[in-house]
>>> print(open('coords24.txt').read())   # compact mmCIF, C-alpha atoms
# COMPACT_ATOMS: atom_id res chain seq x y z
CA MET A 1 -43.45 3.89 13.97
CA LYS A 2 -39.65 3.84 14.20
CA PRO A 3 -38.22 0.32 14.28
CA SER A 4 -36.67 -0.82 17.52
CA SER A 5 -32.87 -0.68 17.59
CA LYS A 6 -32.99 -4.36 18.53
CA SER A 7 -34.21 -5.22 15.03
CA PHE A 8 -30.86 -4.02 13.68
CA SER A 9 -28.85 -6.25 15.99
CA ILE A 10 -27.05 -9.20 14.38
CA LYS A 11 -28.07 -11.25 17.43
CA ASN A 12 -31.64 -11.19 16.13
CA TRP A 13 -30.67 -12.54 12.72
CA SER A 14 -30.95 -16.16 11.64
CA GLU A 15 -27.86 -17.98 12.92
CA SER A 16 -26.85 -18.90 9.36
CA ASP A 17 -26.75 -15.20 8.44
CA ARG A 18 -24.55 -14.06 11.33
CA PRO A 19 -21.00 -13.34 10.16
CA ARG A 20 -19.22 -15.23 12.95
CA GLU A 21 -21.42 -18.30 12.66
CA LYS A 22 -21.15 -18.12 8.88
CA LEU A 23 -17.35 -18.14 9.14
CA ILE A 24 -17.42 -21.13 11.51
CA HIS A 25 -19.78 -23.23 9.42
CA LYS A 26 -19.03 -22.10 5.87
CA GLY A 27 -15.44 -20.87 6.06
CA LYS A 28 -13.83 -17.45 5.82
CA SER A 29 -14.08 -17.24 2.03
CA SER A 30 -17.88 -17.31 2.23
CA LEU A 31 -17.97 -13.89 3.92
CA SER A 32 -18.21 -10.60 2.09
CA ASN A 33 -15.82 -7.75 2.89
CA ALA A 34 -18.60 -6.03 4.84
CA GLU A 35 -19.20 -9.17 6.92
CA LEU A 36 -15.50 -9.54 7.70
CA LEU A 37 -15.33 -5.90 8.79
CA ALA A 38 -18.48 -6.39 10.86
CA ILE A 39 -16.74 -9.14 12.84
CA LEU A 40 -13.95 -6.65 13.58
CA ILE A 41 -16.20 -3.88 14.91
CA GLY A 42 -18.67 -6.19 16.68
CA SER A 43 -21.66 -3.83 16.66
CA GLY A 44 -23.25 -1.09 14.61
CA ASN A 45 -25.36 1.85 15.76
CA ARG A 46 -29.01 2.41 16.71
CA GLU A 47 -30.10 2.50 13.05
CA GLU A 48 -27.74 -0.03 11.44
CA SER A 49 -26.36 -3.47 12.15
CA ALA A 50 -22.60 -3.90 12.05
CA VAL A 51 -22.89 -5.38 8.54
CA GLU A 52 -25.04 -2.51 7.22
CA LEU A 53 -22.68 0.03 8.74
CA CYS A 54 -19.70 -1.68 7.14
CA LYS A 55 -21.48 -1.80 3.79
CA ARG A 56 -21.91 1.97 4.02
CA ILE A 57 -18.26 2.48 4.94
CA LEU A 58 -17.16 0.35 1.99
CA HIS A 59 -19.55 2.22 -0.33
CA THR A 60 -17.82 5.45 0.70
CA SER A 61 -14.48 3.93 -0.31
CA GLU A 62 -15.96 2.72 -3.64
CA ASN A 63 -15.93 -0.84 -2.27
CA SER A 64 -12.13 -0.81 -2.47
CA LEU A 65 -10.10 -2.13 0.46
CA GLN A 66 -7.08 -0.32 -0.93
CA LYS A 67 -8.92 3.00 -0.73
CA LEU A 68 -10.32 2.14 2.69
CA ALA A 69 -6.76 1.51 3.89
CA LYS A 70 -6.05 5.20 3.24
CA PHE A 71 -8.70 6.33 5.73
CA ASN A 72 -7.27 7.76 8.95
CA LEU A 73 -8.73 7.57 12.44
CA SER A 74 -10.66 10.81 12.07
CA GLN A 75 -12.25 9.79 8.76
CA LEU A 76 -13.39 6.44 10.14
CA GLN A 77 -14.79 8.05 13.27
CA ASP A 78 -17.00 10.27 11.10
CA PHE A 79 -19.25 7.22 10.71
CA LYS A 80 -21.86 6.95 13.44
CA GLY A 81 -21.08 3.89 15.52
CA ILE A 82 -17.32 3.94 14.82
CA GLY A 83 -15.39 5.12 17.83
CA GLU A 84 -11.65 5.26 18.30
CA ALA A 85 -11.32 1.58 19.33
CA LYS A 86 -13.26 0.32 16.28
CA ALA A 87 -11.37 2.64 13.95
CA ILE A 88 -8.07 1.36 15.32
CA SER A 89 -9.21 -2.25 14.78
CA ILE A 90 -10.04 -1.54 11.14
CA ILE A 91 -6.73 0.24 10.48
CA ALA A 92 -4.75 -2.51 12.21
CA ALA A 93 -6.50 -5.27 10.24
CA LEU A 94 -5.89 -3.54 6.90
CA GLU A 95 -2.24 -2.95 7.81
CA LEU A 96 -1.83 -6.66 8.61
CA GLY A 97 -3.26 -7.46 5.19
CA SER A 98 -0.75 -5.12 3.58
CA ARG A 99 2.14 -6.69 5.49
CA ARG A 100 0.95 -10.16 4.52
CA GLY A 101 1.13 -9.05 0.90
CA ALA A 102 4.67 -7.81 1.46
CA GLU A 103 5.70 -11.14 2.96
CA SER A 104 4.28 -13.07 0.02
CA VAL A 105 6.76 -11.44 -2.36
CA GLN A 106 9.85 -11.64 -0.16
CA GLU A 107 11.14 -14.66 -2.08
CA LEU A 108 10.85 -12.72 -5.32
CA ASN A 109 14.12 -10.93 -4.77
CA LYS A 110 15.66 -11.38 -8.21
CA ILE A 111 14.67 -8.63 -10.62
CA SER A 112 14.01 -9.71 -14.19
CA THR A 113 11.42 -7.15 -15.29
CA SER A 114 9.92 -3.85 -14.20
CA LYS A 115 6.82 -5.78 -13.13
CA ASP A 116 8.95 -7.64 -10.55
CA VAL A 117 9.82 -4.29 -8.98
CA PHE A 118 6.16 -3.27 -8.91
CA THR A 119 5.17 -6.59 -7.31
CA ILE A 120 7.78 -6.18 -4.59
CA MET A 121 7.22 -2.49 -3.87
CA HIS A 122 3.46 -2.07 -4.27
CA PRO A 123 2.72 -3.38 -0.73
CA PHE A 124 5.00 -0.65 0.63
CA LEU A 125 3.87 2.24 -1.57
CA GLY A 126 0.52 1.50 -3.21
CA ASP A 127 -1.70 2.71 -0.34
CA LEU A 128 0.30 5.73 0.85
CA ASP A 129 -1.22 9.22 0.82
CA HIS A 130 2.22 10.85 0.56
CA GLU A 131 5.26 10.29 -1.63
CA GLN A 132 8.17 8.09 -0.63
CA PHE A 133 11.39 7.56 -2.57
CA TRP A 134 13.11 4.17 -2.21
CA ILE A 135 16.45 2.78 -3.31
CA LEU A 136 16.83 -0.90 -4.24
CA MET A 137 20.40 -2.20 -4.22
CA LEU A 138 21.25 -5.18 -6.41
CA ASN A 139 24.23 -7.47 -6.88
CA ASN A 140 25.66 -8.90 -10.11
CA SER A 141 22.83 -11.47 -10.27
CA ASN A 142 20.17 -8.73 -10.06
CA LYS A 143 19.16 -9.91 -6.62
CA ILE A 144 18.08 -7.31 -4.08
CA ILE A 145 20.62 -7.15 -1.29
CA TYR A 146 19.20 -4.09 0.47
CA LYS A 147 16.29 -1.66 0.10
CA TYR A 148 15.38 1.42 2.08
CA PRO A 149 13.26 4.60 1.94
CA LEU A 150 15.46 7.55 1.06
CA SER A 151 12.93 10.32 1.68
CA LYS A 152 9.29 11.07 2.43
CA GLY A 153 7.03 13.85 1.25
CA GLY A 154 7.27 15.79 -2.00
CA ILE A 155 10.25 14.73 -4.09
CA THR A 156 12.77 17.32 -5.28
CA SER A 157 16.34 16.94 -6.44
CA THR A 158 17.57 18.80 -3.36
CA MET A 159 16.21 16.00 -1.14
CA VAL A 160 18.45 13.38 -2.74
CA ASP A 161 21.91 13.27 -1.19
CA THR A 162 23.88 11.56 -3.94
CA ARG A 163 26.89 11.03 -1.71
CA LEU A 164 24.88 9.16 0.92
CA VAL A 165 23.16 7.01 -1.72
CA TYR A 166 26.43 5.82 -3.20
CA LYS A 167 28.19 5.57 0.14
CA SER A 168 25.52 3.09 1.16
CA ALA A 169 25.67 1.32 -2.22
CA LEU A 170 29.42 0.84 -1.90
CA ALA A 171 29.12 -0.34 1.70
CA HIS A 172 26.64 -3.05 0.63
CA GLY A 173 28.68 -4.10 -2.37
CA SER A 174 25.92 -3.10 -4.76
CA THR A 175 26.63 -3.08 -8.50
CA ALA A 176 23.29 -1.62 -9.58
CA LEU A 177 20.41 0.46 -8.23
CA ILE A 178 16.72 0.75 -8.97
CA LEU A 179 14.90 3.91 -7.96
CA VAL A 180 11.28 3.63 -6.86
CA HIS A 181 8.75 6.20 -5.71
CA ASN A 182 4.99 6.55 -5.65
CA HIS A 183 2.46 9.02 -7.00
CA PRO A 184 -0.52 9.06 -4.59
CA SER A 185 -2.44 11.14 -7.12
CA GLY A 186 -2.45 8.22 -9.53
CA THR A 187 -0.61 10.20 -12.20
CA LEU A 188 1.74 7.90 -14.09
CA GLN A 189 3.79 10.40 -16.05
CA PRO A 190 7.11 11.42 -14.44
CA SER A 191 7.52 15.03 -13.41
CA GLN A 192 10.51 17.14 -14.33
CA ALA A 193 11.78 16.64 -10.77
CA ASP A 194 11.56 12.85 -11.26
CA LYS A 195 13.63 13.12 -14.44
CA THR A 196 16.18 15.43 -12.80
CA ILE A 197 16.71 13.09 -9.84
CA THR A 198 17.11 10.12 -12.15
CA GLN A 199 19.72 11.84 -14.30
CA LYS A 200 21.57 13.17 -11.25
CA LEU A 201 21.93 9.70 -9.73
CA LYS A 202 22.71 8.09 -13.10
CA ASN A 203 25.57 10.54 -13.75
CA ALA A 204 27.07 9.85 -10.33
CA GLY A 205 26.67 6.10 -10.78
CA ASP A 206 28.48 6.16 -14.11
CA LEU A 207 31.59 7.51 -12.36
CA LEU A 208 31.49 4.69 -9.78
CA ASP A 209 30.50 1.95 -12.25
CA ILE A 210 27.20 1.44 -10.44
CA LYS A 211 24.31 1.32 -12.91
CA ILE A 212 20.86 2.78 -12.50
CA LEU A 213 18.79 -0.01 -14.03
CA ASP A 214 15.39 1.65 -13.76
CA HIS A 215 13.21 4.21 -12.05
CA ILE A 216 9.72 2.92 -11.25
CA ILE A 217 6.75 5.13 -10.41
CA VAL A 218 4.15 3.20 -8.40
CA THR A 219 0.46 4.10 -8.20
CA GLU A 220 -2.42 2.33 -6.49
CA LYS A 221 -3.04 0.00 -9.43
CA THR A 222 -0.15 0.17 -11.89
CA TYR A 223 3.32 1.56 -12.57
CA PHE A 224 5.57 3.48 -14.97
CA SER A 225 9.07 2.31 -15.88
CA PHE A 226 11.73 4.73 -17.13
CA ALA A 227 13.65 1.81 -18.68
CA ASP A 228 10.62 0.35 -20.45
CA GLU A 229 9.79 3.75 -21.90
CA GLY A 230 13.39 4.31 -23.07
CA ILE A 231 13.93 7.53 -21.10
CA LEU A 232 16.50 6.32 -18.59
>>> encode(input="coords24.txt", output="structure tokens")
Amino acid sequence: MKPSSKSFSIKNWSESDRPREKLIHKGKSSLSNAELLAILIGSGNREESAVELCKRILHTSENSLQKLAKFNLSQLQDFKGIGEAKAISIIAALELGSRRGAESVQELNKISTSKDVFTIMHPFLGDLDHEQFWILMLNNSNKIIYKYPLSKGGITSTMVDTRLVYKSALAHGSTALILVHNHPSGTLQPSQADKTITQKLKNAGDLLDIKILDHIIVTEKTYFSFADEGIL
């Protein structure tokens, strides 16, 4: 005999096991990732409670919130019980978490090591499914005075307008630049295009007395530094 769909409803659980009541009485840190997601979506499907459904979604993303953040609307809606509204709620919540992470490093605006760059830029680049190339502009104290994405998509030397980069650097009074881009594939080693872009910008900077301090490649979990590896 097939169990009634009601038996899968969180409403039929012991009050102490319901995610919302658990949060109220035990605090937010007592909830698992699946329980927190279950609060977002509110209900599951005819065969699964919201918590069980969210456990399955997380299992598909290897229980990684970073990997789940890469899911798009269509991928989330492939799960039975996840419609457009629920998928949007999940994406919005994960984006808020990413932005919170970005805010937490805003005060870390003085660059002392390559790890500082990774800490600052990972919230912007770590979860992306496409490449972005950013320029960080620094003053004499190695403090970031301006940062912006130069290009999106595959990176080639033809996509880097050296004149615009240094026009902006001069306008902001920058004395040094740090180049940053991501490798969604997780590959840490720089490509020939990465090396070509770095050398192209370094040569132009030498003429203007604006140094290229580093080129950082960001992946989901770690980074590669041209300066640390002695290839700048």
>>> atom_distance(input="coords24.txt", atom1="CA of Thr222 (chain A)", atom2="CA of Gly126 (chain A)")
8.8 Å
>>> atom_distance(input="coords24.txt", atom1="CA of Met121 (chain A)", atom2="CA of Ile231 (chain A)")
21.0 Å
>>> closest_residue(input="coords24.txt", among="A:Leu138, A:Ala50, A:Ala169, A:Leu150", to="Gly205 (chain A)", atoms="all atoms listed in the file")
A:Ala169
>>> closest_residue(input="coords24.txt", among="A:Glu62, A:Ala193, A:Phe124, A:Gln77", to="Arg99 (chain A)", atoms="only C-alpha atoms")
A:Phe124
>>> closest_atom_pairs(input="coords24.txt", of="region 114-225 of chain A", to="region 64-68 of chain A", cutoff="12 Å", atoms="all atoms listed in the file", output="Markdown table")
| residue | atom | partner | partner_atom | distance |
| --- | --- | --- | --- | --- |
| A:His122 | CA | A:Gln66 | CA | 11.2 |
| A:Pro123 | CA | A:Gln66 | CA | 10.3 |
| A:Leu125 | CA | A:Gln66 | CA | 11.3 |
| A:Gly126 | CA | A:Gln66 | CA | 8.1 |
| A:Asp127 | CA | A:Gln66 | CA | 6.2 |
| A:Leu128 | CA | A:Gln66 | CA | 9.7 |
| A:Asp129 | CA | A:Lys67 | CA | 10.0 |
| A:Pro184 | CA | A:Lys67 | CA | 11.1 |
| A:Thr219 | CA | A:Gln66 | CA | 11.4 |
| A:Glu220 | CA | A:Gln66 | CA | 7.7 |
| A:Lys221 | CA | A:Gln66 | CA | 9.4 |
>>> residues_near_point(input="coords24.txt", point="(17.1, -6.6, -5.1)", cutoff="9 Å", atoms="only C-alpha atoms", output="list in words")
Leu108, Asn109, Lys110, Ile111, Val117, Leu136, Met137, Leu138, Asn139, Asn142, Lys143, Ile144, Ile145, Tyr146, Lys147, Leu177 and Ile178 of chain A
>>> write_last_selection(input="coords24.txt", atoms="C-alpha atoms", output="CSV table (one decimal), in the frame of the given file")
chain,number,residue,atom,x,y,z
A,108,LEU,CA,10.8,-12.7,-5.3
A,109,ASN,CA,14.1,-10.9,-4.8
A,110,LYS,CA,15.7,-11.4,-8.2
A,111,ILE,CA,14.7,-8.6,-10.6
A,117,VAL,CA,9.8,-4.3,-9.0
A,136,LEU,CA,16.8,-0.9,-4.2
A,137,MET,CA,20.4,-2.2,-4.2
A,138,LEU,CA,21.2,-5.2,-6.4
A,139,ASN,CA,24.2,-7.5,-6.9
A,142,ASN,CA,20.2,-8.7,-10.1
A,143,LYS,CA,19.2,-9.9,-6.6
A,144,ILE,CA,18.1,-7.3,-4.1
A,145,ILE,CA,20.6,-7.2,-1.3
A,146,TYR,CA,19.2,-4.1,0.5
A,147,LYS,CA,16.3,-1.7,0.1
A,177,LEU,CA,20.4,0.5,-8.2
A,178,ILE,CA,16.7,0.8,-9.0
>>> closest_residue(input="coords24.txt", among="A:Ala34, A:Ile82, A:Ala69, A:Ala93", to="Arg46 (chain A)", atoms="only C-alpha atoms")
A:Ile82
>>> atom_distance(input="coords24.txt", atom1="CA of Gly44 (chain A)", atom2="CA of Phe79 (chain A)")
10.0 Å
>>> residues_around(input="coords24.txt", residues="Ala227 (chain A)", least_positions_apart="5", cutoff="12 Å", atoms="all atoms listed in the file", output="list of chain:residue names")
A:Thr113, A:Ser114, A:Lys115, A:Ile178, A:Leu179, A:Thr198, A:Ile212, A:Leu213, A:Asp214, A:His215, A:Ile216, A:Ile217, A:Leu232
>>> axis_aligned_box(input="coords24.txt", around="region 124-132 of chain A", padding_each_side="8 Å", output="lines of an AutoDock Vina configuration file")
center_x = 3.2
center_y = 5.1
center_z = -1.2
size_x = 25.9
size_y = 27.5
size_z = 20.1
>>> residues_around(input="coords24.txt", residues="region 208-210 of chain A", least_positions_apart="5", cutoff="9 Å", atoms="only C-alpha atoms", output="list in words")
Tyr166, Ala169, Leu170, Ser174, Thr175, Ala176, Leu177 and Lys202 of chain A
>>> decode(input="coords24.txt", residues="region 182-216 of chain A", atoms="N, CA and C atoms", output="mmCIF file, in the first residue's frame")
data_model
loop_
_atom_site.group_PDB
_atom_site.id
_atom_site.type_symbol
_atom_site.label_atom_id
_atom_site.label_comp_id
_atom_site.auth_asym_id
_atom_site.auth_seq_id
_atom_site.Cartn_x
_atom_site.Cartn_y
_atom_site.Cartn_z
ATOM 1 N N ASN A 182 38.851 34.398 -13.249
ATOM 2 C CA ASN A 182 38.492 33.092 -12.720
ATOM 3 C C ASN A 182 38.572 32.008 -13.772
ATOM 4 N N HIS A 183 38.764 30.789 -13.308
ATOM 5 C CA HIS A 183 38.710 29.597 -14.147
ATOM 6 C C HIS A 183 37.576 28.709 -13.625
ATOM 7 N N PRO A 184 36.389 28.791 -14.215
ATOM 8 C CA PRO A 184 35.254 27.972 -13.750
ATOM 9 C C PRO A 184 35.538 26.471 -13.790
ATOM 10 N N SER A 185 36.450 26.067 -14.658
ATOM 11 C CA SER A 185 36.790 24.646 -14.784
ATOM 12 C C SER A 185 37.535 24.120 -13.570
ATOM 13 N N GLY A 186 38.086 25.029 -12.778
ATOM 14 C CA GLY A 186 38.870 24.619 -11.620
ATOM 15 C C GLY A 186 40.351 24.473 -11.916
ATOM 16 N N THR A 187 40.728 24.624 -13.181
ATOM 17 C CA THR A 187 42.136 24.519 -13.572
ATOM 18 C C THR A 187 42.918 25.716 -13.032
ATOM 19 N N LEU A 188 43.999 25.439 -12.334
ATOM 20 C CA LEU A 188 44.775 26.523 -11.735
ATOM 21 C C LEU A 188 45.849 27.088 -12.656
ATOM 22 N N GLN A 189 46.383 26.259 -13.528
ATOM 23 C CA GLN A 189 47.496 26.715 -14.355
ATOM 24 C C GLN A 189 47.057 27.766 -15.376
ATOM 25 N N PRO A 190 47.840 28.837 -15.518
ATOM 26 C CA PRO A 190 47.492 29.884 -16.495
ATOM 27 C C PRO A 190 47.636 29.378 -17.927
ATOM 28 N N SER A 191 46.762 29.843 -18.782
ATOM 29 C CA SER A 191 46.842 29.496 -20.199
ATOM 30 C C SER A 191 47.838 30.435 -20.881
ATOM 31 N N GLN A 192 48.135 30.138 -22.123
ATOM 32 C CA GLN A 192 49.018 31.034 -22.879
ATOM 33 C C GLN A 192 48.367 32.401 -23.045
ATOM 34 N N ALA A 193 47.034 32.420 -23.206
ATOM 35 C CA ALA A 193 46.325 33.700 -23.325
ATOM 36 C C ALA A 193 46.457 34.514 -22.039
ATOM 37 N N ASP A 194 46.395 33.832 -20.886
ATOM 38 C CA ASP A 194 46.559 34.518 -19.599
ATOM 39 C C ASP A 194 47.938 35.181 -19.520
ATOM 40 N N LYS A 195 48.954 34.448 -19.950
ATOM 41 C CA LYS A 195 50.326 34.962 -19.908
ATOM 42 C C LYS A 195 50.507 36.132 -20.886
ATOM 43 N N THR A 196 49.883 36.012 -22.054
ATOM 44 C CA THR A 196 50.000 37.061 -23.070
ATOM 45 C C THR A 196 49.368 38.364 -22.592
ATOM 46 N N ILE A 197 48.162 38.266 -22.000
ATOM 47 C CA ILE A 197 47.485 39.444 -21.475
ATOM 48 C C ILE A 197 48.316 40.106 -20.382
ATOM 49 N N THR A 198 48.850 39.291 -19.503
ATOM 50 C CA THR A 198 49.653 39.820 -18.398
ATOM 51 C C THR A 198 50.849 40.595 -18.920
ATOM 52 N N GLN A 199 51.571 40.004 -19.860
ATOM 53 C CA GLN A 199 52.761 40.666 -20.406
ATOM 54 C C GLN A 199 52.397 41.932 -21.174
ATOM 55 N N LYS A 200 51.288 41.883 -21.890
ATOM 56 C CA LYS A 200 50.833 43.047 -22.669
ATOM 57 C C LYS A 200 50.543 44.233 -21.755
ATOM 58 N N LEU A 201 49.834 43.976 -20.659
ATOM 59 C CA LEU A 201 49.508 45.056 -19.726
ATOM 60 C C LEU A 201 50.737 45.502 -18.936
ATOM 61 N N LYS A 202 51.614 44.558 -18.608
ATOM 62 C CA LYS A 202 52.833 44.913 -17.877
ATOM 63 C C LYS A 202 53.722 45.824 -18.716
ATOM 64 N N ASN A 203 53.886 45.515 -19.997
ATOM 65 C CA ASN A 203 54.718 46.337 -20.879
ATOM 66 C C ASN A 203 54.184 47.759 -20.987
ATOM 67 N N ALA A 204 52.863 47.878 -21.108
ATOM 68 C CA ALA A 204 52.247 49.205 -21.196
ATOM 69 C C ALA A 204 52.395 49.954 -19.874
ATOM 70 N N GLY A 205 52.242 49.255 -18.768
ATOM 71 C CA GLY A 205 52.367 49.881 -17.459
ATOM 72 C C GLY A 205 53.761 50.390 -17.182
ATOM 73 N N ASP A 206 54.765 49.666 -17.676
ATOM 74 C CA ASP A 206 56.149 50.094 -17.473
ATOM 75 C C ASP A 206 56.394 51.472 -18.091
ATOM 76 N N LEU A 207 55.770 51.746 -19.220
ATOM 77 C CA LEU A 207 55.936 53.036 -19.895
ATOM 78 C C LEU A 207 55.291 54.174 -19.111
ATOM 79 N N LEU A 208 54.225 53.857 -18.358
ATOM 80 C CA LEU A 208 53.485 54.870 -17.609
ATOM 81 C C LEU A 208 53.850 54.882 -16.129
ATOM 82 N N ASP A 209 54.792 54.037 -15.744
ATOM 83 C CA ASP A 209 55.207 53.911 -14.343
ATOM 84 C C ASP A 209 54.046 53.460 -13.457
ATOM 85 N N ILE A 210 53.221 52.577 -14.001
ATOM 86 C CA ILE A 210 52.143 51.951 -13.238
ATOM 87 C C ILE A 210 52.427 50.446 -13.215
ATOM 88 N N LYS A 211 52.701 49.906 -12.054
ATOM 89 C CA LYS A 211 53.150 48.525 -11.935
ATOM 90 C C LYS A 211 51.986 47.530 -11.973
ATOM 91 N N ILE A 212 52.240 46.393 -12.568
ATOM 92 C CA ILE A 212 51.342 45.252 -12.427
ATOM 93 C C ILE A 212 51.907 44.419 -11.282
ATOM 94 N N LEU A 213 51.244 44.437 -10.139
ATOM 95 C CA LEU A 213 51.759 43.749 -8.961
ATOM 96 C C LEU A 213 51.521 42.243 -9.001
ATOM 97 N N ASP A 214 50.418 41.830 -9.625
ATOM 98 C CA ASP A 214 50.113 40.397 -9.640
ATOM 99 C C ASP A 214 48.983 40.123 -10.625
ATOM 100 N N HIS A 215 48.857 38.877 -10.980
ATOM 101 C CA HIS A 215 47.712 38.381 -11.745
ATOM 102 C C HIS A 215 47.235 37.139 -11.005
ATOM 103 N N ILE A 216 46.017 37.187 -10.500
ATOM 104 C CA ILE A 216 45.461 36.104 -9.683
ATOM 105 C C ILE A 216 44.401 35.354 -10.475
#
